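Report on the following structure.
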Amino acid sequence: NSSLSEVGGPAAAYFDPLIPGALTLALSELIPDDPRRQQMKTDGYQQATRFNWEHTASGHRDVYKKLLG
């Protein structure tokens with residue numbers, strides 16, 4: 001329903017906000033899992049490289065070119 005999975009990718013822990021206790025469960029699984037947290041940290045830095053001004057500008061330029069022919 002949102003762009004969060006595109007933004008967070010594998011570097012985020014996802015849960016259903018409509019389920020009571022889902023956040024608590026997600027955190028209770030993540031907090032004691034040091035290897036998973038470290039992997040998510042690594043994945044987070046990698047995921048962040050997907051979002052930069054050059055990439056954004058290039059994407060917008062391509063859209064404008066398609067629209068304007």
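All residue names refer to the structure tokens as shown: chains lettered A, B, ... in order, residues numbered from 1 in each chain, ligands numbered from 1 in order.
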
Shell around A:Tyr14 at 10 Å using only C-alpha atoms, local window under 3 positions removed, as a compact mmCIF listing (two decimals) with C-alpha atoms, in the first residue's frame:
```txt
# COMPACT_ATOMS: atom_id res chain seq x y z
CA LEU A 4 8.02 1.98 2.29
CA SER A 5 9.17 -1.36 0.91
CA GLY A 8 13.49 0.41 3.01
CA GLY A 9 14.15 -2.64 0.87
CA PRO A 10 15.82 -5.46 2.81
CA ALA A 11 17.13 -2.98 5.36
CA PRO A 17 0.18 -1.60 11.52
CA ALA A 22 2.72 -6.42 15.49
CA LEU A 23 5.29 -3.71 16.16
CA ALA A 26 8.77 -7.25 15.26
```

Pick out each residue of chain A that DSSP on the backbone tags as helix (DSSP H, G or I); I need them as a PyMOL selection string.
chain A and resi 4-11+22-30+34-48+53-68

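Reported to one decimal place, the separation of atom CA of A:Ser28 from atom CA of A:Lys41 is 17.4 Å.
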
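The coordinates place atom CA of A:Arg36 at 20.8 Å from atom CA of A:Gly21.
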